[in-house]
$ cat input-v1.cif   # mmCIF, C-alpha atoms
data_model
loop_
_atom_site.label_atom_id
_atom_site.label_comp_id
_atom_site.auth_asym_id
_atom_site.auth_seq_id
_atom_site.Cartn_x
_atom_site.Cartn_y
_atom_site.Cartn_z
CA MET Y 1 -18.48 66.80 0.40
CA ARG Y 2 -14.85 67.94 0.37
CA THR Y 3 -13.54 69.38 3.63
CA PRO Y 4 -10.43 71.62 3.81
CA GLU Y 5 -8.61 68.66 5.38
CA SER Y 6 -9.56 66.34 2.60
CA HIS Y 7 -8.58 69.02 0.06
CA HIS Y 8 -5.22 69.29 1.78
CA ILE Y 9 -4.81 65.50 1.64
CA HIS Y 10 -5.71 65.42 -2.05
CA ALA Y 11 -3.28 68.27 -2.82
CA SER Y 12 -0.55 66.52 -0.86
CA ASP Y 13 -1.26 63.27 -2.69
CA ARG Y 14 -1.08 65.06 -6.04
CA TRP Y 15 2.26 66.58 -5.06
CA HIS Y 16 3.55 63.21 -3.93
CA SER Y 17 2.25 61.64 -7.10
CA LYS Y 18 3.99 64.25 -9.28
CA LEU Y 19 7.23 63.89 -7.32
CA ARG Y 20 7.02 60.08 -7.54
CA HIS Y 21 6.34 60.35 -11.26
CA TRP Y 22 9.43 62.50 -11.85
CA ALA Y 23 11.54 60.34 -9.50
CA VAL Y 24 10.66 57.26 -11.54
CA LYS Y 25 11.37 59.14 -14.80
CA CYS Y 26 14.77 60.27 -13.49
CA SER Y 27 15.60 56.79 -12.24
CA LEU Y 28 14.70 55.25 -15.59
CA LEU Y 29 16.81 57.86 -17.40
CA ILE Y 30 19.79 57.19 -15.13
CA ALA Y 31 19.31 53.45 -15.56
CA ALA Y 32 19.12 53.80 -19.35
CA VAL Y 33 22.24 56.00 -19.51
CA GLY Y 34 24.08 53.64 -17.18
CA SER Y 35 23.00 50.65 -19.21
CA ILE Y 36 24.20 52.24 -22.47
CA ALA Y 37 27.47 53.28 -20.84
CA THR Y 38 28.18 49.76 -19.56
CA SER Y 39 26.85 47.74 -22.53
CA PRO Y 40 29.51 46.42 -24.89
CA VAL Y 41 29.19 47.73 -28.43
CA SER Y 42 29.56 45.48 -31.43
CA SER Y 43 29.31 45.98 -35.16
CA PRO Y 44 26.80 44.33 -37.49
CA SER Y 45 27.84 40.82 -38.55
CA PHE Y 46 29.85 40.14 -41.70
CA VAL Y 47 28.57 36.86 -43.13
CA SER Y 48 30.61 34.63 -45.48
CA GLN Y 49 29.76 31.29 -47.00
CA PHE Y 50 31.69 28.29 -48.26
CA GLN Y 51 30.36 25.36 -50.25
CA GLY Y 52 32.25 22.14 -49.58
CA THR Y 53 32.89 19.44 -52.16
CA PRO Y 54 30.59 16.47 -51.47
CA PHE Y 55 32.17 13.16 -50.47
CA VAL Y 56 31.27 9.60 -49.52
CA LEU Y 57 32.06 7.90 -46.21
CA THR Y 58 32.77 4.19 -46.51
CA HIS Y 59 34.06 1.49 -44.19
CA GLU Y 60 37.49 2.02 -45.69
CA THR Y 61 37.29 5.79 -45.00
CA PRO Y 62 34.72 6.25 -42.21
CA LYS Y 63 36.14 9.63 -41.23
CA VAL Y 64 36.89 12.61 -43.47
CA SER Y 65 38.66 15.71 -42.19
CA ARG Y 66 39.02 19.10 -43.85
CA THR Y 67 40.70 22.34 -42.75
CA LEU Y 68 38.85 25.56 -43.41
CA VAL Y 69 40.59 28.91 -43.02
CA VAL Y 70 38.54 31.92 -42.00
CA SER Y 71 40.57 34.96 -43.22
CA ILE Y 72 39.77 38.42 -41.88
CA SER Y 73 41.00 41.59 -43.60
CA MET Y 74 40.77 44.33 -41.03
CA GLY Y 75 40.72 47.37 -43.32
CA GLU Y 76 41.02 50.80 -41.71
CA ILE Y 77 40.69 50.09 -38.01
CA GLU Y 78 42.87 49.97 -34.94
CA HIS Y 79 43.77 46.75 -33.19
CA THR Y 80 40.53 45.10 -32.20
CA GLU Y 81 38.81 41.87 -31.29
CA ASN Y 82 36.88 39.80 -33.81
CA ASP Y 83 34.27 37.41 -32.50
CA GLY Y 84 31.75 35.20 -34.18
CA TRP Y 85 30.70 31.73 -35.22
CA LEU Y 86 31.38 29.16 -37.87
CA THR Y 87 28.28 27.13 -38.63
CA LEU Y 88 28.99 23.78 -40.25
CA GLU Y 89 25.99 22.25 -41.98
CA GLY Y 90 25.79 18.86 -43.59
CA THR Y 91 23.20 16.64 -45.21
CA ALA Y 92 23.84 12.90 -44.92
CA ARG Y 93 22.17 10.16 -46.96
CA TRP Y 94 22.48 6.54 -45.90
CA ARG Y 95 22.93 4.05 -48.72
CA PRO Y 96 22.79 0.62 -47.08
CA ALA Y 97 24.36 -2.32 -48.90
CA ASN Y 98 21.37 -4.42 -47.87
CA PRO Y 99 18.27 -2.29 -47.18
CA SER Y 100 16.53 -5.14 -45.34
CA ALA Y 101 19.43 -5.73 -42.91
CA PRO Y 102 18.90 -4.28 -39.40
CA GLY Y 103 20.96 -1.38 -38.17
CA GLN Y 104 20.69 2.37 -37.80
CA PRO Y 105 24.21 3.75 -37.89
CA TRP Y 106 25.18 7.14 -36.56
CA VAL Y 107 26.85 9.98 -38.39
CA MET Y 108 28.69 12.78 -36.65
CA ALA Y 109 30.00 16.22 -37.55
CA ARG Y 110 32.70 18.07 -35.58
CA ALA Y 111 34.24 21.50 -35.78
CA SER Y 112 37.23 22.79 -33.84
CA SER Y 113 39.11 26.07 -33.96
CA GLY Y 114 41.59 24.78 -31.38
CA GLU Y 115 40.11 26.64 -28.42
CA GLY Y 116 38.31 24.39 -25.96
CA GLU Y 117 36.61 21.10 -26.72
CA PRO Y 118 35.50 20.48 -30.32
CA ARG Y 119 31.80 21.03 -30.96
CA SER Y 120 29.94 18.04 -32.36
CA ALA Y 121 26.51 16.89 -33.42
CA ALA Y 122 25.32 13.37 -34.17
CA ALA Y 123 22.30 11.95 -35.97
CA VAL Y 124 20.85 8.49 -36.59
CA LEU Y 125 20.63 7.30 -40.18
CA ASP Y 126 17.38 5.42 -39.71
CA THR Y 127 15.96 5.59 -43.24
CA ALA Y 128 17.76 4.65 -46.45
CA ASP Y 129 18.25 7.53 -48.92
CA ALA Y 130 16.51 10.08 -46.67
CA PRO Y 131 18.35 13.39 -46.08
CA VAL Y 132 19.50 13.77 -42.48
CA PRO Y 133 20.63 17.24 -41.39
CA LEU Y 134 23.66 17.95 -39.20
CA GLN Y 135 24.62 21.31 -37.75
CA VAL Y 136 27.53 22.35 -35.55
CA MET Y 137 28.41 25.85 -34.39
CA GLU Y 138 31.97 26.64 -33.33
CA SER Y 139 32.88 29.96 -31.76
CA LEU Y 140 35.66 32.02 -33.36
CA HIS Y 141 37.85 34.64 -31.76
CA VAL Y 142 40.95 36.52 -32.92
CA ASN Y 143 42.72 39.80 -32.16
CA CYS Y 144 43.78 41.64 -35.31
CA LYS Y 145 45.78 44.80 -36.01
CA THR Y 146 45.25 47.54 -38.61
CA GLY Y 147 45.88 46.32 -42.13
CA ASP Y 148 46.50 42.72 -41.01
CA VAL Y 149 44.95 39.67 -42.54
CA CYS Y 150 44.22 37.30 -39.66
CA GLU Y 151 43.48 33.63 -40.14
CA ILE Y 152 41.53 31.20 -38.00
CA PRO Y 153 41.99 27.58 -39.06
CA VAL Y 154 38.99 25.38 -38.28
CA THR Y 155 39.15 21.59 -38.54
CA VAL Y 156 35.90 20.03 -39.64
CA GLU Y 157 35.26 16.29 -39.54
CA PHE Y 158 32.53 13.95 -40.61
CA GLU Y 159 32.45 10.37 -39.35
CA PHE Y 160 30.06 7.45 -39.50
CA GLN Y 161 29.76 4.29 -37.47
CA ASN Y 162 32.40 1.85 -38.48
CA GLY Y 163 31.53 -1.74 -37.80
CA GLY Y 164 28.79 -4.25 -38.44
CA ILE Y 165 26.57 -2.26 -40.78
CA GLU Y 166 27.37 -2.41 -44.48
CA GLY Y 167 26.77 0.65 -46.57
CA THR Y 168 27.99 4.14 -47.40
CA VAL Y 169 27.04 7.69 -46.42
CA GLU Y 170 26.88 10.49 -48.97
CA LEU Y 171 27.60 13.91 -47.53
CA GLU Y 172 26.97 17.39 -48.84
CA TRP Y 173 28.25 20.17 -46.65
CA SER Y 174 28.78 23.90 -46.33
CA ALA Y 175 30.11 26.39 -43.80
CA THR Y 176 29.01 29.91 -42.90
CA SER Y 177 30.97 32.37 -40.78
CA SER Y 178 29.40 35.32 -39.03
CA MET Y 179 31.94 37.75 -37.59
CA GLU Y 180 31.61 41.03 -35.77
CA ILE Y 181 34.06 43.44 -34.16
CA TRP Y 182 33.85 44.81 -30.65
CA ASN Y 183 33.96 48.42 -29.49
CA ASP Y 184 32.61 49.78 -32.76
CA ASP Y 185 29.05 50.05 -33.95
CA GLU Y 186 29.89 49.62 -37.62
CA LEU Y 187 32.23 47.57 -39.78
CA PRO Y 188 35.28 49.54 -40.94
CA GLN Y 189 35.99 50.40 -44.56
CA GLY Y 190 37.70 47.48 -46.27
CA TYR Y 191 36.73 44.90 -43.65
CA SER Y 192 36.06 41.49 -45.17
CA VAL Y 193 35.97 37.82 -44.24
CA THR Y 194 36.48 34.85 -46.55
CA ILE Y 195 36.43 31.09 -46.01
CA THR Y 196 38.72 28.83 -48.01
CA GLU Y 197 39.69 25.19 -47.76
CA ARG Y 198 43.35 24.53 -47.06
CA ALA Y 199 44.81 21.99 -49.46
CA GLU Y 200 45.89 18.76 -47.81
CA GLU Y 201 49.63 18.44 -47.50
CA PRO Y 202 51.00 15.55 -49.58
CA THR Y 203 51.91 12.48 -47.56
CA PRO Y 204 55.72 11.95 -47.66
CA MET D 1 6.68 62.15 2.44
CA THR D 2 8.06 59.26 4.47
CA ALA D 3 5.62 56.96 2.69
CA PHE D 4 6.77 58.30 -0.67
CA ILE D 5 10.44 57.74 0.17
CA SER D 6 9.75 54.25 1.49
CA LYS D 7 7.83 53.40 -1.68
CA SER D 8 10.13 55.02 -4.23
CA LEU D 9 13.53 54.38 -2.70
CA PRO D 10 13.72 50.62 -3.22
CA ALA D 11 12.73 50.98 -6.86
CA THR D 12 15.26 53.77 -7.38
CA VAL D 13 18.02 51.80 -5.68
CA LEU D 14 17.10 48.75 -7.75
CA LEU D 15 17.16 50.73 -10.99
CA LEU D 16 20.49 52.33 -10.11
CA SER D 17 22.00 48.99 -9.14
CA CYS D 18 20.70 47.53 -12.41
CA ALA D 19 22.33 50.37 -14.34
CA VAL D 20 25.66 49.83 -12.65
CA ALA D 21 25.79 46.04 -12.32
CA GLY D 22 23.39 44.79 -14.97
CA CYS D 23 20.02 43.28 -14.15
CA ASP D 24 20.56 40.06 -16.03
CA GLU D 25 23.36 38.68 -13.89
CA GLY D 26 22.43 36.14 -11.23
CA VAL D 27 19.33 36.21 -9.11
CA ASP D 28 17.91 39.57 -8.04
CA VAL D 29 18.27 40.32 -4.32
CA ASN D 30 14.49 40.67 -4.12
CA ASN D 31 14.05 37.08 -5.32
CA ALA D 32 14.81 33.69 -3.82
CA LEU D 33 16.52 30.85 -5.63
CA ALA D 34 15.32 27.37 -4.66
CA GLU D 35 16.97 24.24 -6.04
CA LYS D 36 16.11 20.55 -5.64
CA VAL D 37 18.17 17.62 -6.86
CA LEU D 38 16.85 14.12 -7.55
CA ASP D 39 18.98 11.07 -8.28
CA GLY D 40 16.81 8.95 -10.55
CA SER D 41 16.48 5.18 -10.46
CA PRO D 42 19.22 3.50 -12.54
CA VAL D 43 18.42 2.25 -16.04
CA VAL D 44 19.82 -0.78 -17.85
CA LEU D 45 19.31 -0.93 -21.62
CA GLY D 46 20.01 -4.18 -23.46
CA VAL D 47 20.02 -4.78 -27.20
CA SER D 48 16.67 -6.56 -26.93
CA SER D 49 15.21 -3.98 -24.52
CA PRO D 50 16.60 -0.73 -25.93
CA THR D 51 14.11 1.76 -24.45
CA ALA D 52 13.20 2.84 -20.91
CA ARG D 53 11.06 5.64 -19.51
CA ARG D 54 11.08 7.52 -16.24
CA GLN D 55 8.58 10.13 -15.09
CA ILE D 56 9.64 13.26 -13.22
CA THR D 57 7.24 15.60 -11.44
CA VAL D 58 8.06 19.04 -10.12
CA ASP D 59 5.59 20.63 -7.73
CA VAL D 60 5.64 24.24 -6.54
CA ARG D 61 3.32 25.28 -3.71
CA PRO D 62 3.17 28.86 -2.49
CA ALA D 63 2.73 28.96 1.29
CA ASN D 64 1.12 32.37 1.21
CA GLU D 65 -0.92 33.69 -1.69
CA GLU D 66 -0.07 37.26 -0.79
CA ARG D 67 3.65 36.90 -1.24
CA GLY D 68 5.73 35.71 -4.15
CA ASP D 69 5.20 34.44 -7.63
CA ILE D 70 7.06 32.09 -9.97
CA GLN D 71 9.45 34.12 -12.09
CA SER D 72 11.23 31.14 -13.62
CA LEU D 73 11.06 27.37 -13.19
CA SER D 74 13.41 25.05 -15.05
CA LEU D 75 14.85 21.55 -15.08
CA ASP D 76 18.34 20.31 -15.89
CA LEU D 77 19.13 16.64 -16.59
CA SER D 78 22.44 14.80 -16.64
CA ILE D 79 22.96 11.22 -17.77
CA LYS D 80 26.03 9.05 -17.19
CA PRO D 81 26.28 5.97 -19.43
CA SER D 82 28.50 2.93 -18.96
CA LEU D 83 28.67 0.22 -21.60
CA GLN D 84 29.38 -3.15 -20.02
CA GLY D 85 29.99 -6.68 -21.19
CA VAL D 86 31.51 -5.91 -24.58
CA GLY D 87 34.22 -3.83 -26.19
CA SER D 88 32.60 -1.00 -28.11
CA GLU D 89 35.22 -1.32 -30.85
CA GLU D 90 34.04 -4.80 -31.83
CA HIS D 91 30.51 -3.85 -32.83
CA GLY D 92 30.77 -0.12 -33.23
CA ARG D 93 30.18 2.56 -30.62
CA PRO D 94 26.43 2.70 -29.92
CA TRP D 95 24.33 5.84 -29.93
CA LEU D 96 22.12 6.89 -27.03
CA ARG D 97 19.11 9.15 -27.48
CA ALA D 98 17.47 11.02 -24.59
CA ARG D 99 14.12 12.68 -25.04
CA VAL D 100 12.07 14.77 -22.63
CA LEU D 101 8.32 14.57 -23.30
CA GLN D 102 5.33 16.25 -21.72
CA ALA D 103 3.73 13.55 -19.56
CA SER D 104 0.23 14.81 -20.35
CA ASP D 105 0.29 14.58 -24.14
CA GLY D 106 3.63 13.07 -25.12
CA ARG D 107 4.76 16.27 -26.83
CA LEU D 108 8.51 16.41 -27.41
CA VAL D 109 10.14 19.12 -25.30
CA THR D 110 13.81 18.51 -26.09
CA GLU D 111 16.11 15.71 -27.20
CA SER D 112 19.75 14.91 -27.65
CA LEU D 113 21.77 12.16 -29.28
CA TRP D 114 25.22 11.06 -28.23
CA VAL D 115 27.72 8.58 -29.63
CA LEU D 116 29.11 6.65 -26.68
CA GLY D 117 32.60 5.39 -26.10
CA GLU D 118 34.43 8.38 -24.61
CA PRO D 119 35.57 7.51 -21.07
CA GLY D 120 33.85 9.61 -18.41
CA PHE D 121 31.26 10.96 -20.84
CA GLU D 122 28.20 12.66 -19.35
CA GLY D 123 25.26 13.93 -21.43
CA TYR D 124 23.19 16.99 -20.52
CA LEU D 125 19.71 18.27 -21.29
CA ASN D 126 19.73 21.68 -19.69
CA ASN D 127 17.45 24.69 -19.35
CA ILE D 128 14.12 22.94 -19.82
CA TYR D 129 11.91 25.91 -18.97
CA ILE D 130 8.51 25.05 -17.54
CA SER D 131 6.03 27.48 -19.02
CA GLY D 132 2.58 28.37 -17.75
CA CYS D 133 3.69 28.38 -14.13
CA THR D 134 3.55 32.05 -13.21
CA ARG D 135 0.43 32.18 -11.13
CA LYS D 136 0.35 32.40 -7.36
CA GLU D 137 -1.21 29.01 -7.05
CA ARG D 138 0.09 25.47 -6.94
CA CYS D 139 1.95 24.44 -10.08
CA GLU D 140 2.69 20.85 -11.01
CA ALA D 141 4.53 19.81 -14.16
CA ALA D 142 5.26 16.22 -15.18
CA TYR D 143 7.76 15.06 -17.79
CA VAL D 144 8.85 11.72 -19.16
CA LEU D 145 12.53 11.04 -19.71
CA GLU D 146 12.79 8.52 -22.55
CA LEU D 147 16.13 6.79 -23.01
CA GLU D 148 16.82 4.73 -26.13
CA ARG D 149 19.99 3.01 -27.25
CA GLN D 150 21.07 1.57 -30.57
CA GLY D 151 20.17 -2.05 -31.19
CA PRO D 152 22.12 -4.55 -33.33
CA PRO D 153 24.86 -4.78 -34.38
CA THR D 154 25.99 -3.10 -31.16
CA ALA D 155 26.09 -5.36 -28.13
CA GLY D 156 26.48 -5.33 -24.36
CA GLU D 157 24.44 -3.73 -21.60
CA LEU D 158 24.21 0.01 -21.23
CA HIS D 159 24.01 1.04 -17.56
CA LEU D 160 22.73 4.56 -17.02
CA THR D 161 22.58 6.74 -13.94
CA TRP D 162 20.80 10.06 -14.17
CA ARG D 163 20.14 13.11 -12.09
CA THR D 164 17.76 16.01 -12.43
CA GLN D 165 17.75 19.43 -10.83
CA ALA D 166 14.81 21.83 -10.56
CA ARG D 167 15.58 25.54 -10.31
CA LEU D 168 12.99 28.02 -9.13
CA ILE D 169 13.32 31.79 -9.05
CA TRP D 170 10.68 33.06 -6.64
CA THR D 171 9.76 36.75 -6.46
CA ASP D 172 10.06 36.98 -2.70
CA PRO D 173 13.37 36.90 -0.86
CA ASP D 174 11.88 34.74 1.88
CA GLU D 175 12.29 31.11 0.79
CA SER D 176 9.78 29.94 3.38
CA THR D 177 6.94 31.44 1.29
CA VAL D 178 7.28 28.61 -1.23
CA ALA D 179 7.78 24.84 -1.15
CA MET D 180 9.14 22.87 -4.09
CA THR D 181 9.31 19.11 -4.48
CA LEU D 182 10.90 17.03 -7.22
CA ARG D 183 10.07 13.34 -7.45
CA GLU D 184 10.22 10.33 -9.71
CA GLU D 185 6.85 8.64 -10.16
#

$ encode --input "input-v1.cif" --output "structure tokens"
Amino acid sequence: MRTPESHHIHASDRWHSKLRHWAVKCSLLIAAVGSIATSPVSSPSFVSQFQGTPFVLTHETPKVSRTLVVSISMGEIEHTENDGWLTLEGTARWRPANPSAPGQPWVMARASSGEGEPRSAAAVLDTADAPVPLQVMESLHVNCKTGDVCEIPVTVEFEFQNGGIEGTVELEWSATSSMEIWNDDELPQGYSVTITERAEEPTP
Amino acid sequence: MTAFISKSLPATVLLLSCAVAGCDEGVDVNNALAEKVLDGSPVVLGVSSPTARRQITVDVRPANEERGDIQSLSLDLSIKPSLQGVGSEEHGRPWLRARVLQASDGRLVTESLWVLGEPGFEGYLNNIYISGCTRKERCEAAYVLELERQGPPTAGELHLTWRTQARLIWTDPDESTVAMTLREE
């Protein structure tokens, strides 16, 4: 049986419950607005791809280096920051001179945009002719102005173990850049990114 | 009303502080961070004995079932190699592979491969998150660290020292409500 006291308690509880409910709602709203206000905004990513020319690593040339240039056309936008990644992917195939000889050489890929330590990944070539994947991700960053074309040179290298194990390594490779701009939620008109390979300068 | 304020205020303050400072930075003030470091037994890998294994066990015991829970439990590993007895240039720089396996079933958790030869090199296997440990009861997780070096034609002895760190985020600010141990079996 409900007494007036218990009714009063229940009514008070209901009031408290309603107040608590709205307090939580308000807090969540404030938190959400605050979170949106303090979260950095970035555009969708602009993805570009580059297919490298395959090559062969030998004991005479155990290391091959290439320079890729990531070029960014800013289009119609004010000075802003571009951030993203270059993903270097390779597939290595070990062609031993003597398949029955022992030895599991390593192969390594590196990528460097000049900021910080180069990123690298290594793999063991443990089975003749089998494809071995390599992947390295290097961060990219550049400040660009309206109408500028900004360039980020990235040195990519592939190397295999030189010494004691006879054979060659065939390498197919590609690179993908994924760039976005900060402080805008969309890419500006005319914005584009391309990847090209810089021709090697002739040796004097 | 006092009860309402006492119940709602901390949550409101927490939400507001999250909105201003961001909830994902550091450890929440309502949680405790416990860390344990273990220096593992040294490993020597020769060309004829290229593999070694070490078992690590992390054990979390709540002192009081009413307070606290495991929000996050993770391991970090660092390995310092030193190639001795031969110049690495003569026979090629050897590779070193480190794998972390579940001790119970041998399942691979994470691995890394390094080419040795850089002076002062240190390899890391970080952020090994221990899943399934969120209950308010004792939690024990065992892992095997498997270290393997390249065999011939590389030569010399590879001396390895390694260290592991366990990191626990406990949902009670009082650290005394939980005990964590980290040991090599």

$ resolve_selection --input "input-v1.cif" --expression "the PyMOL selection byres ((chain Y and resi 185) around 10)" --output "list of chain:residue names"
Y:Pro40, Y:Val41, Y:Ser42, Y:Ser43, Y:Pro44, Y:Glu180, Y:Ile181, Y:Trp182, Y:Asn183, Y:Asp184, Y:Glu186, Y:Leu187, Y:Pro188

$ resolve_selection --input "input-v1.cif" --expression "the PyMOL selection byres ((chain D and resi 43) around 6)" --output "ChimeraX atom specification"
/D:42,44,159-160

$ atom_distance --input "input-v1.cif" --atom1 "CA of Val115 in chain D" --atom2 "CA of Thr155 in chain Y"
19.5 Å

$ resolve_selection --input "input-v1.cif" --expression "the PyMOL selection byres ((chain Y and resi 158) around 6)" --output "PyMOL selection string"
chain Y and resi 63-64+108-109+157+159

$ residues_around --input "input-v1.cif" --residues "Glu115 in chain Y" --least-positions-apart "6" --cutoff "9 Å" --atoms "only C-alpha atoms" --output "list of chain:residue names"
Y:Ser139, Y:Leu140, Y:His141

$ write_last_selection --input "input-v1.cif" --atoms "C-alpha atoms" --output "JSON list (two decimals), in the coordinates of the input"
[["chain", "number", "residue", "atom", "x", "y", "z"],
["Y", 139, "SER", "CA", 32.88, 29.96, -31.76],
["Y", 140, "LEU", "CA", 35.66, 32.02, -33.36],
["Y", 141, "HIS", "CA", 37.85, 34.64, -31.76]]

$ residues_around --input "input-v1.cif" --residues "range 125-130 of chain D" --least-positions-apart "4" --cutoff "9 Å" --atoms "all atoms listed in the file" --output "ChimeraX atom specification"
/D:72-79,98-100,109-112,141

$ atom_distance --input "input-v1.cif" --atom1 "CA of Glu76 in chain Y" --atom2 "CA of Ser192 in chain Y"
11.1 Å

$ atom_distance --input "input-v1.cif" --atom1 "CA of Leu182 in chain D" --atom2 "CA of Asp28 in chain D"
23.6 Å

$ closest_residue --input "input-v1.cif" --among "D:Glu148, D:Asp172, D:Glu185, D:Glu157" --to "chain Y" --atoms "all atoms listed in the file"
D:Glu148

$ residues_around --input "input-v1.cif" --residues "Pro152 in chain D" --least-positions-apart "3" --cutoff "9 Å" --atoms "all atoms listed in the file" --output "ChimeraX atom specification"
/Y:102-104,164-165 /D:47-48,91,155

$ residues_around --input "input-v1.cif" --residues "range 58-67 of chain D" --least-positions-apart "6" --cutoff "8 Å" --atoms "all atoms listed in the file" --output "list in words"
Lys136, Glu137, Arg138, Cys139, Glu140, Ala141, Ala142, Ala166, Asp172, Ser176, Thr177, Val178, Ala179, Met180, Thr181, Leu182 and Arg183 of chain D

$ residues_around --input "input-v1.cif" --residues "Ser41 in chain D" --least-positions-apart "6" --cutoff "10 Å" --atoms "only C-alpha atoms" --output "JSON, numbers by chain"
{"D": [54, 160, 161, 162, 163, 184]}

$ closest_residue --input "input-v1.cif" --among "Y:Ile72, Y:Cys150, Y:Val142, Y:Ala123" --to "chain D" --atoms "all atoms listed in the file"
Y:Ala123

$ closest_residue --input "input-v1.cif" --among "D:Gly156, D:Pro81, D:Gly106, D:Gly151" --to "chain Y" --atoms "all atoms listed in the file"
D:Gly151

$ closest_residue --input "input-v1.cif" --among "Y:Asp129, Y:Val47, Y:Glu89, Y:Glu138" --to "Gly116 in chain Y" --atoms "only C-alpha atoms"
Y:Glu138
